[in-house]
$ cat data-v1.pdb   # PDB, C-alpha atoms
ATOM      1  CA  MET A 596      17.855  35.372   9.659
ATOM      2  CA  THR A 597      15.311  37.105   7.420
ATOM      3  CA  THR A 598      17.476  37.585   4.323
ATOM      4  CA  PRO A 599      19.455  35.019   2.336
ATOM      5  CA  ALA A 600      23.036  34.485   3.458
ATOM      6  CA  PRO A 601      25.948  35.714   1.319
ATOM      7  CA  LEU A 602      27.476  33.152  -1.032
ATOM      8  CA  THR A 603      30.157  31.648   1.180
ATOM      9  CA  ARG A 604      32.345  28.732   0.154
ATOM     10  CA  SER A 605      30.214  26.255   2.110
ATOM     11  CA  LEU A 606      26.980  27.512   0.561
ATOM     12  CA  PHE A 607      28.482  27.307  -2.931
ATOM     13  CA  VAL A 608      29.789  23.741  -2.538
ATOM     14  CA  LEU A 609      26.719  22.360  -0.767
ATOM     15  CA  SER A 610      24.365  23.995  -3.282
ATOM     16  CA  ILE A 611      26.167  22.364  -6.218
ATOM     17  CA  PHE A 612      26.024  19.001  -4.464
ATOM     18  CA  TYR A 613      22.316  19.536  -3.728
ATOM     19  CA  GLY A 614      21.565  20.228  -7.390
ATOM     20  CA  GLY A 615      23.313  17.042  -8.432
ATOM     21  CA  MET A 616      21.319  14.947  -5.981
ATOM     22  CA  VAL A 617      18.059  16.495  -7.242
ATOM     23  CA  CYS A 618      18.898  15.319 -10.775
ATOM     24  CA  ILE A 619      20.117  11.807  -9.939
ATOM     25  CA  ALA A 620      17.289  10.921  -7.527
ATOM     26  CA  GLY A 621      14.804  10.298 -10.330
ATOM     27  CA  VAL A 622      17.222   8.023 -12.192
ATOM     28  CA  LEU A 623      18.048   5.966  -9.111
ATOM     29  CA  GLY A 624      14.346   5.622  -8.362
ATOM     30  CA  ASN A 625      13.977   3.262 -11.320
ATOM     31  CA  LYS A 626      15.527   0.470  -9.260
ATOM     32  CA  GLN A 627      14.160  -1.149  -6.123
ATOM     33  CA  VAL A 628      16.770  -2.512  -3.747
ATOM     34  CA  ALA A 629      16.271  -5.167  -1.085
ATOM     35  CA  LEU A 630      16.943  -4.100   2.503
ATOM     36  CA  GLY A 631      16.334  -7.320   4.367
ATOM     37  CA  PRO A 632      12.681  -8.281   3.855
ATOM     38  CA  LEU A 633      11.751  -4.815   2.563
ATOM     39  CA  ALA A 634      12.012  -3.334  -0.926
ATOM     40  CA  VAL A 635      12.757   0.373  -1.254
ATOM     41  CA  GLU A 636      13.244   2.512  -4.345
ATOM     42  CA  ALA A 637      16.898   3.492  -4.610
ATOM     43  CA  GLY A 638      16.101   7.185  -5.030
ATOM     44  CA  ILE A 639      15.755   7.306  -1.240
ATOM     45  CA  PHE A 640      19.535   7.496  -0.884
ATOM     46  CA  ALA A 641      19.706  10.703  -2.926
ATOM     47  CA  PHE A 642      16.686  12.127  -1.080
ATOM     48  CA  LEU A 643      18.307  11.422   2.301
ATOM     49  CA  LEU A 644      21.293  13.432   1.110
ATOM     50  CA  LEU A 645      18.934  16.234   0.034
ATOM     51  CA  VAL A 646      17.377  16.256   3.493
ATOM     52  CA  ALA A 647      20.793  16.327   5.127
ATOM     53  CA  VAL A 648      22.151  19.121   2.911
ATOM     54  CA  SER A 649      19.092  21.377   3.269
ATOM     55  CA  SER A 650      19.187  20.898   7.050
ATOM     56  CA  ALA A 651      22.924  21.598   7.170
ATOM     57  CA  ILE A 652      22.418  24.827   5.214
ATOM     58  CA  ALA A 653      19.601  25.795   7.590
ATOM     59  CA  GLU A 654      22.001  25.200  10.476
ATOM     60  CA  LEU A 655      24.870  27.130   8.890
ATOM     61  CA  HIS A 656      23.058  29.911   7.034
ATOM     62  CA  GLY A 657      19.496  30.055   8.316
ATOM     63  CA  ARG A 658      16.003  28.981   7.316
ATOM     64  CA  VAL A 659      15.519  31.605   4.590
ATOM     65  CA  THR A 660      18.608  30.481   2.705
ATOM     66  CA  ALA A 661      17.678  26.805   3.056
ATOM     67  CA  ASN A 662      14.167  27.444   1.718
ATOM     68  CA  GLN A 663      15.640  29.403  -1.164
ATOM     69  CA  LEU A 664      17.859  26.414  -1.963
ATOM     70  CA  VAL A 665      14.796  24.155  -2.042
ATOM     71  CA  ARG A 666      13.055  26.515  -4.473
ATOM     72  CA  PHE A 667      16.136  26.740  -6.704
ATOM     73  CA  GLY A 668      16.204  22.932  -6.682
ATOM     74  CA  PHE A 669      13.181  22.955  -8.985
ATOM     75  CA  ILE A 670      15.408  24.326 -11.778
ATOM     76  CA  PRO A 671      17.720  21.286 -12.175
ATOM     77  CA  LEU A 672      14.792  18.982 -11.402
ATOM     78  CA  LEU A 673      12.647  20.338 -14.241
ATOM     79  CA  ALA A 674      15.609  20.666 -16.603
ATOM     80  CA  SER A 675      16.633  17.034 -16.069
ATOM     81  CA  MET A 676      13.066  15.884 -16.676
ATOM     82  CA  LEU A 677      12.781  17.858 -19.935
ATOM     83  CA  LEU A 678      16.147  16.596 -21.148
ATOM     84  CA  SER A 679      15.155  13.030 -20.277
ATOM     85  CA  TRP A 680      12.003  13.415 -22.366
ATOM     86  CA  LEU A 681      13.956  14.954 -25.262
ATOM     87  CA  VAL A 682      16.543  12.146 -25.326
ATOM     88  CA  TRP A 683      13.761   9.546 -25.057
ATOM     89  CA  ALA A 684      11.929  11.082 -28.014
ATOM     90  CA  LEU A 685      14.974  11.303 -30.285
ATOM     91  CA  PRO A 686      15.601   8.230 -32.473
ATOM     92  CA  ALA A 687      18.363   5.886 -31.350
ATOM     93  CA  SER A 688      21.407   5.329 -33.517
ATOM     94  CA  PRO A 689      21.211   2.073 -35.503
ATOM     95  CA  LYS A 690      24.692   1.283 -34.200
ATOM     96  CA  MET A 691      23.363   1.101 -30.631
ATOM     97  CA  GLY A 692      22.857  -2.396 -29.240
ATOM     98  CA  PRO A 693      19.144  -3.256 -28.897
ATOM     99  CA  GLU A 694      19.512  -4.312 -25.270
ATOM    100  CA  TYR A 695      21.054  -0.931 -24.332
ATOM    101  CA  ARG A 696      18.524   0.965 -26.466
ATOM    102  CA  ASP A 697      15.545  -0.756 -24.822
ATOM    103  CA  ALA A 698      16.989  -0.310 -21.326
ATOM    104  CA  ILE A 699      17.606   3.425 -21.640
ATOM    105  CA  GLN A 700      14.225   3.995 -23.280
ATOM    106  CA  LEU A 701      12.567   2.229 -20.368
ATOM    107  CA  ILE A 702      14.423   4.359 -17.812
ATOM    108  CA  LEU A 703      13.901   7.674 -19.627
ATOM    109  CA  GLY A 704      10.282   6.969 -20.550
ATOM    110  CA  THR A 705       8.875   7.669 -17.105
ATOM    111  CA  THR A 706       5.244   8.794 -17.247
ATOM    112  CA  TRP A 707       4.221  12.403 -16.667
ATOM    113  CA  ARG A 708       2.191  11.218 -13.676
ATOM    114  CA  ILE A 709       5.313   9.915 -11.941
ATOM    115  CA  TRP A 710       7.260  13.056 -12.858
ATOM    116  CA  GLY A 711       4.482  15.254 -11.490
ATOM    117  CA  ALA A 712       4.292  13.231  -8.294
ATOM    118  CA  GLY A 713       8.035  13.606  -7.850
ATOM    119  CA  ILE A 714       7.890  17.392  -8.237
ATOM    120  CA  VAL A 715       5.076  17.787  -5.683
ATOM    121  CA  ALA A 716       6.658  15.346  -3.220
ATOM    122  CA  TYR A 717      10.051  17.064  -3.493
ATOM    123  CA  GLY A 718       8.683  20.555  -2.846
ATOM    124  CA  ALA A 719       6.443  19.546   0.047
ATOM    125  CA  SER A 720       8.864  17.237   1.847
ATOM    126  CA  GLN A 721      11.950  19.446   1.531
ATOM    127  CA  THR A 722      10.078  22.564   2.660
ATOM    128  CA  LEU A 723       8.642  20.643   5.609
ATOM    129  CA  ASN A 724      12.086  19.348   6.526
ATOM    130  CA  VAL A 725      13.604  22.839   6.643
ATOM    131  CA  THR A 726      10.589  24.210   8.537
ATOM    132  CA  ILE A 727      10.646  21.545  11.264
ATOM    133  CA  PHE A 728      14.427  21.528  11.590
ATOM    134  CA  SER A 729      14.569  25.312  11.949
ATOM    135  CA  ALA A 730      11.544  25.544  14.270
ATOM    136  CA  MET A 731      13.128  23.079  16.713
ATOM    137  CA  ARG A 732      16.295  25.139  16.854
ATOM    138  CA  GLY A 733      14.936  27.452  19.537
ATOM    139  CA  GLY A 734      15.352  26.781  23.254
ATOM    140  CA  GLU A 735      16.806  23.436  24.257
ATOM    141  CA  GLY A 736      16.621  22.155  20.694
ATOM    142  CA  SER A 737      19.402  24.514  19.636
ATOM    143  CA  LYS A 738      22.002  22.140  21.064
ATOM    144  CA  MET A 739      20.295  18.896  20.012
ATOM    145  CA  LEU A 740      21.243  18.688  16.370
ATOM    146  CA  TRP A 741      20.804  14.915  16.277
ATOM    147  CA  LEU A 742      17.222  15.168  17.573
ATOM    148  CA  ARG A 743      16.212  17.943  15.168
ATOM    149  CA  ALA A 744      17.825  16.033  12.314
ATOM    150  CA  GLY A 745      16.044  12.784  13.137
ATOM    151  CA  VAL A 746      12.594  14.286  13.711
ATOM    152  CA  ALA A 747      12.665  16.520  10.629
ATOM    153  CA  GLY A 748      14.091  13.752   8.454
ATOM    154  CA  ILE A 749      11.537  11.156   9.526
ATOM    155  CA  LEU A 750       8.514  13.441   9.192
ATOM    156  CA  SER A 751       9.610  14.801   5.816
ATOM    157  CA  GLN A 752      10.155  11.281   4.469
ATOM    158  CA  ILE A 753       6.707  10.216   5.654
ATOM    159  CA  VAL A 754       5.155  13.142   3.774
ATOM    160  CA  ASP A 755       7.317  12.469   0.708
ATOM    161  CA  THR A 756       6.244   8.811   0.595
ATOM    162  CA  LEU A 757       2.544   9.477   1.137
ATOM    163  CA  ILE A 758       2.426  12.165  -1.558
ATOM    164  CA  PHE A 759       4.539  10.367  -4.150
ATOM    165  CA  ILE A 760       3.012   6.892  -3.855
ATOM    166  CA  THR A 761      -0.548   8.268  -3.812
ATOM    167  CA  LEU A 762      -0.140  10.645  -6.749
ATOM    168  CA  ALA A 763       1.965   8.265  -8.831
ATOM    169  CA  PHE A 764       0.173   4.946  -8.343
ATOM    170  CA  TYR A 765      -3.301   5.428  -6.827
ATOM    171  CA  GLY A 766      -5.847   3.662  -9.002
ATOM    172  CA  GLU A 767      -3.176   1.649 -10.814
ATOM    173  CA  PHE A 768      -2.928  -1.060  -8.144
ATOM    174  CA  PRO A 769      -3.472  -1.427  -4.361
ATOM    175  CA  ILE A 770      -0.904   0.911  -2.836
ATOM    176  CA  GLY A 771      -1.309  -0.137   0.812
ATOM    177  CA  PRO A 772       1.485  -2.756   0.927
ATOM    178  CA  LEU A 773       3.839  -0.495  -1.022
ATOM    179  CA  LEU A 774       3.165   2.413   1.341
ATOM    180  CA  VAL A 775       3.813   0.307   4.442
ATOM    181  CA  GLY A 776       7.081  -1.095   3.132
ATOM    182  CA  GLN A 777       8.335   2.275   1.936
ATOM    183  CA  LEU A 778       7.397   4.017   5.185
ATOM    184  CA  ILE A 779       9.105   1.444   7.406
ATOM    185  CA  SER A 780      12.305   1.435   5.393
ATOM    186  CA  LYS A 781      12.452   5.221   4.951
ATOM    187  CA  ILE A 782      11.761   5.936   8.619
ATOM    188  CA  ALA A 783      14.501   3.514   9.643
ATOM    189  CA  LEU A 784      17.002   4.971   7.180
ATOM    190  CA  SER A 785      16.118   8.539   8.162
ATOM    191  CA  ALA A 786      16.571   7.807  11.868
ATOM    192  CA  LEU A 787      19.905   6.060  11.337
ATOM    193  CA  LEU A 788      21.551   8.057   8.558
ATOM    194  CA  VAL A 789      20.201  11.612   8.465
ATOM    195  CA  PRO A 790      21.658  12.804  11.822
ATOM    196  CA  VAL A 791      25.089  11.414  10.913
ATOM    197  CA  LEU A 792      24.975  13.007   7.466
ATOM    198  CA  ILE A 793      23.926  16.400   8.827
ATOM    199  CA  TYR A 794      26.775  16.410  11.355
ATOM    200  CA  ALA A 795      29.158  15.578   8.507
ATOM    201  CA  PHE A 796      27.826  18.317   6.196
ATOM    202  CA  VAL A 797      27.802  20.932   8.976
ATOM    203  CA  ALA A 798      31.397  20.044   9.869
ATOM    204  CA  LEU A 799      32.392  20.219   6.199
ATOM    205  CA  GLY A 800      30.666  23.575   5.762
ATOM    206  CA  ARG A 801      32.387  25.110   8.778
ATOM    207  CA  ARG A 802      35.733  23.812   7.585
ATOM    208  CA  LEU A 803      35.195  25.275   4.124
ATOM    209  CA  ASP A 804      34.263  28.663   5.544
ATOM    210  CA  ARG A 805      37.295  28.710   7.855
ATOM    211  CA  ALA A 806      39.514  27.977   4.862
TER     212      ALA A 806
END
$ encode --input "data-v1.pdb" --output "structure tokens"
Amino acid sequence: MTTPAPLTRSLFVLSIFYGGMVCIAGVLGNKQVALGPLAVEAGIFAFLLLVAVSSAIAELHGRVTANQLVRFGFIPLLASMLLSWLVWALPASPKMGPEYRDAIQLILGTTWRIWGAGIVAYGASQTLNVTIFSAMRGGEGSKMLWLRAGVAGILSQIVDTLIFITLAFYGEFPIGPLLVGQLISKIALSALLVPVLIYAFVALGRRLDRA
């Protein structure tokens, strides 16, 4: 498919969901969660959903439409960042509890370096995911959705981690241990969850279009 697909019900619903995950990923990333012995930033869960949705749209509507979705994803991403900065800069109401005021200021006051790293990592990893997933569709790969999903998800998460950690934290502290932990956890999550999620989103999309 060389032109974007028409706006079907599945494309409309999945695109709205995709935009929401783009916005919430940065907020969730402020917390690190423990997965056994490893620590992983919680934004990974939203990014896994982004990978799954973009791959599902590539499966349902083609590579061009999926890449267009990734590009449109920059709009809510940049808007949420600008709004976060605006709210952070505005003075807090004196009626607001100091513990809540300090907590929200800490979350919203993410540095421009981290924001920039997130933008670059998002664009590169999501484009790579759609490219690999779609390229493997030819030949025998056309019937192996689980394999395409796993390979594209794992490789895109590796690129996302390498870009984000390097751009956001290089020179601030030794990033080697953080990279290793993030890569192991993200590869494992991508292998286990992304294929299941893509099957679910593809099934949902086909059901919506039949309706």
$ closest_atom_pairs --input "data-v1.pdb" --of "range 716-760 of chain A" --to "range 639-650 of chain A" --cutoff "8 Å" --atoms "all atoms listed in the file" --output "CSV"
residue,atom,partner,partner_atom,distance
A:Gln721,CA,A:Val646,CA,6.6
A:Asn724,CA,A:Val646,CA,6.8
A:Val725,CA,A:Ser650,CA,5.9
A:Phe728,CA,A:Ser650,CA,6.6
A:Ala744,CA,A:Ser650,CA,7.3
A:Gly748,CA,A:Val646,CA,6.5
$ closest_residue --input "data-v1.pdb" --among "A:Ala786, A:Ile758, A:Ile793, A:Ala629" --to "Leu774 in chain A" --atoms "all atoms listed in the file"
A:Ile758
$ closest_residue --input "data-v1.pdb" --among "A:Leu750, A:Leu664, A:Ile779, A:Ala653" --to "Ala730 in chain A" --atoms "all atoms listed in the file"
A:Ala653
$ atom_distance --input "data-v1.pdb" --atom1 "CA of Val746 in chain A" --atom2 "CA of Leu602 in chain A"
28.2 Å
$ closest_residue --input "data-v1.pdb" --among "A:Pro601, A:Gly638, A:Gly692, A:Gly800" --to "Thr756 in chain A" --atoms "all atoms listed in the file"
A:Gly638
$ closest_atom_pairs --input "data-v1.pdb" --of "range 603-628 of chain A" --to "range 695-703 of chain A" --cutoff "10 Å" --atoms "all atoms listed in the file" --output "JSON lines"
{"residue": "A:Gly621", "atom": "CA", "partner": "A:Ile702", "partner_atom": "CA", "distance": 9.6}
{"residue": "A:Val622", "atom": "CA", "partner": "A:Ile702", "partner_atom": "CA", "distance": 7.3}
{"residue": "A:Leu623", "atom": "CA", "partner": "A:Ile702", "partner_atom": "CA", "distance": 9.6}
{"residue": "A:Gly624", "atom": "CA", "partner": "A:Ile702", "partner_atom": "CA", "distance": 9.5}
{"residue": "A:Asn625", "atom": "CA", "partner": "A:Ile702", "partner_atom": "CA", "distance": 6.6}
{"residue": "A:Lys626", "atom": "CA", "partner": "A:Ile702", "partner_atom": "CA", "distance": 9.5}
$ resolve_selection --input "data-v1.pdb" --expression "the PyMOL selection byres ((chain A and resi 713) around 9)" --output "PyMOL selection string"
chain A and resi 621+708-712+714-718+755+758-759+762-763
$ resolve_selection --input "data-v1.pdb" --expression "the PyMOL selection byres ((chain A and resi 657) around 12)" --output "mmCIF file with C-alpha atoms, in the frame of the given file"
data_model
loop_
_atom_site.group_PDB
_atom_site.id
_atom_site.type_symbol
_atom_site.label_atom_id
_atom_site.label_comp_id
_atom_site.auth_asym_id
_atom_site.auth_seq_id
_atom_site.Cartn_x
_atom_site.Cartn_y
_atom_site.Cartn_z
ATOM 1 C CA MET A 596 17.855 35.372 9.659
ATOM 2 C CA THR A 597 15.311 37.105 7.420
ATOM 3 C CA THR A 598 17.476 37.585 4.323
ATOM 4 C CA PRO A 599 19.455 35.019 2.336
ATOM 5 C CA ALA A 600 23.036 34.485 3.458
ATOM 6 C CA PRO A 601 25.948 35.714 1.319
ATOM 7 C CA LEU A 606 26.980 27.512 0.561
ATOM 8 C CA SER A 649 19.092 21.377 3.269
ATOM 9 C CA SER A 650 19.187 20.898 7.050
ATOM 10 C CA ALA A 651 22.924 21.598 7.170
ATOM 11 C CA ILE A 652 22.418 24.827 5.214
ATOM 12 C CA ALA A 653 19.601 25.795 7.590
ATOM 13 C CA GLU A 654 22.001 25.200 10.476
ATOM 14 C CA LEU A 655 24.870 27.130 8.890
ATOM 15 C CA HIS A 656 23.058 29.911 7.034
ATOM 16 C CA ARG A 658 16.003 28.981 7.316
ATOM 17 C CA VAL A 659 15.519 31.605 4.590
ATOM 18 C CA THR A 660 18.608 30.481 2.705
ATOM 19 C CA ALA A 661 17.678 26.805 3.056
ATOM 20 C CA ASN A 662 14.167 27.444 1.718
ATOM 21 C CA GLN A 663 15.640 29.403 -1.164
ATOM 22 C CA LEU A 664 17.859 26.414 -1.963
ATOM 23 C CA VAL A 725 13.604 22.839 6.643
ATOM 24 C CA THR A 726 10.589 24.210 8.537
ATOM 25 C CA PHE A 728 14.427 21.528 11.590
ATOM 26 C CA SER A 729 14.569 25.312 11.949
ATOM 27 C CA ALA A 730 11.544 25.544 14.270
ATOM 28 C CA ARG A 732 16.295 25.139 16.854
#
$ resolve_selection --input "data-v1.pdb" --expression "the PyMOL selection byres ((chain A and resi 618) around 10)" --output "count of residues only"
20
$ closest_residue --input "data-v1.pdb" --among "A:Met691, A:Arg666, A:Leu742, A:Pro769" --to "Ala719 in chain A" --atoms "only C-alpha atoms"
A:Arg666
$ closest_residue --input "data-v1.pdb" --among "A:Trp683, A:Trp741, A:Phe607, A:Trp707" --to "Leu788 in chain A" --atoms "only C-alpha atoms"
A:Trp741
$ atom_distance --input "data-v1.pdb" --atom1 "CA of Ile753 in chain A" --atom2 "CA of Pro790 in chain A"
16.4 Å
$ atom_distance --input "data-v1.pdb" --atom1 "CA of Phe667 in chain A" --atom2 "CA of Trp680 in chain A"
21.0 Å
